[in-house]
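Reading through the structure tokens given below for one structure.
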Amino acid sequence: MDAFKEIRPLRAYLSKHPNRSIGLVPTMGALHNGHLRLIGRSKAENDLTVCSIYVNPTQFNNASDLEKYPRTMEADRKKLEEAGCDVLFCPDNNEMYAEDPTLTFQFKGPLATTLEGAFRPGHFNGVALVVAKLFNIVCPQRAYFGLKDYQQWLVVNQLVRDLKFDIALCGVPIVREADGLAMSSRNLRLSSDERVRALSLIQCLRLMQGKLLNGATPGQARKEAADFCSSAGVKLEYAEVADPVTLLPLDQNADPRKGILLIAAQVGAIRLIDNLFVDETQAPN
Ligand code: AMP
């Protein structure tokens, strides 16, 4: 695997392979099997796979979360080698933000301001900024994102449509631990007791799914979720039944089978998210 910390030599390397299709997998490192699934998809569909590892400061609205974000570069490198990734791009802040950004994104409408956008103000503006930079640096034909970050997936799709990037986006289903916990780099920070309580997220989603499929209204499902999380000892931020395209809450009269369930909760000091389609056959694959 070739590794680059700087943009210029990466571009020079990629320009030597003009006829090869490039798949980009943007990550923040602390790689797990969820990330590796994205790498596998990219390898299957492209001649060259580029994985970026960069903990992007502009998408963190919480300084302690940024500081404590797990950084495991040597282990990551090894995993990427074993997965057959072709290129690693691991820039530092000087390389990505040589100057303080004067250009920022500001999404209009609920897509970037509801749910994650409401609880992490400015988060998606930072995501869009770094993803746009990576797209311009790597110029991939395809880019791979996990549906674990479902709202991010929609926001990146919007970014590509608005800015006319000629890049096909591929959404990869959530990879879970054997007990159902969605894999996440932040899971590394959970104590053993918190690791048990972290299961409440998927349990809560399954509870809501069951209720909705048995005729409960979205309002009833939200109430069940709030009660469940308070008794499970996790601090619920939101548990929503939403339209999978607009992310607006489904109203009482909508068919809940068309909805997606999204949850965010704090387990101790660690904030986790997860999601589940009410009708799982409707999930993108
Ligand atoms: P991150 O390093 O957390 O920014 O994640 C990098 C990419 O991997 C994002 O597109 C995530 O949505 C995706 N990802 C993270 N965890 C998972 C998972 N458990 N299953 C599928 N994709 C994931």
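In the structure tokens, the first chain shown is A, the next is B, and so on; residue numbers restart at 1 for each chain, and ligands run from 1 in the order shown.
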- Message: Residues contacting ligand 1 - anything with an atom at most 9 Å away, using only C-alpha atoms and all ligand atoms - can you give me those as an MDAnalysis selection string?
- Response: chainID A and resid 25:38 53:56 144:150 152:153 171:177 181:186 274
Just list as a short mmCIF file (atom, residue, chain, number, x, y, z; two decimals) with C-alpha atoms, in the first residue's frame whatever in range 183-257 of chain A DSSP marks as strand (DSSP E or B).
```cif
data_model
loop_
_atom_site.label_atom_id
_atom_site.label_comp_id
_atom_site.auth_asym_id
_atom_site.auth_seq_id
_atom_site.Cartn_x
_atom_site.Cartn_y
_atom_site.Cartn_z
CA LYS A 235 -29.49 9.56 27.98
CA LEU A 236 -31.71 9.74 24.93
CA GLU A 237 -31.20 12.70 22.61
CA TYR A 238 -33.72 11.64 20.00
CA ALA A 239 -35.54 8.52 18.83
CA GLU A 240 -37.42 9.49 15.71
CA VAL A 241 -39.64 7.89 13.10
CA ALA A 242 -38.81 9.87 10.00
CA PRO A 249 -40.88 13.24 11.42
#
```
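For the choices A:Asn285, A:Lys164, A:Val155, A:Pro218, the atom-to-atom distance to Glu116 in chain A is smallest for A:Val155 when using only C-alpha atoms.
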Here CA of Asp255 in chain A and CA of Arg222 in chain A stand apart by 15.3 Å
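Shortest atom-to-atom contact with Cys85 in chain A among A:Met73, A:Leu190, A:Leu115, A:Met1: A:Met1, counting only C-alpha atoms.
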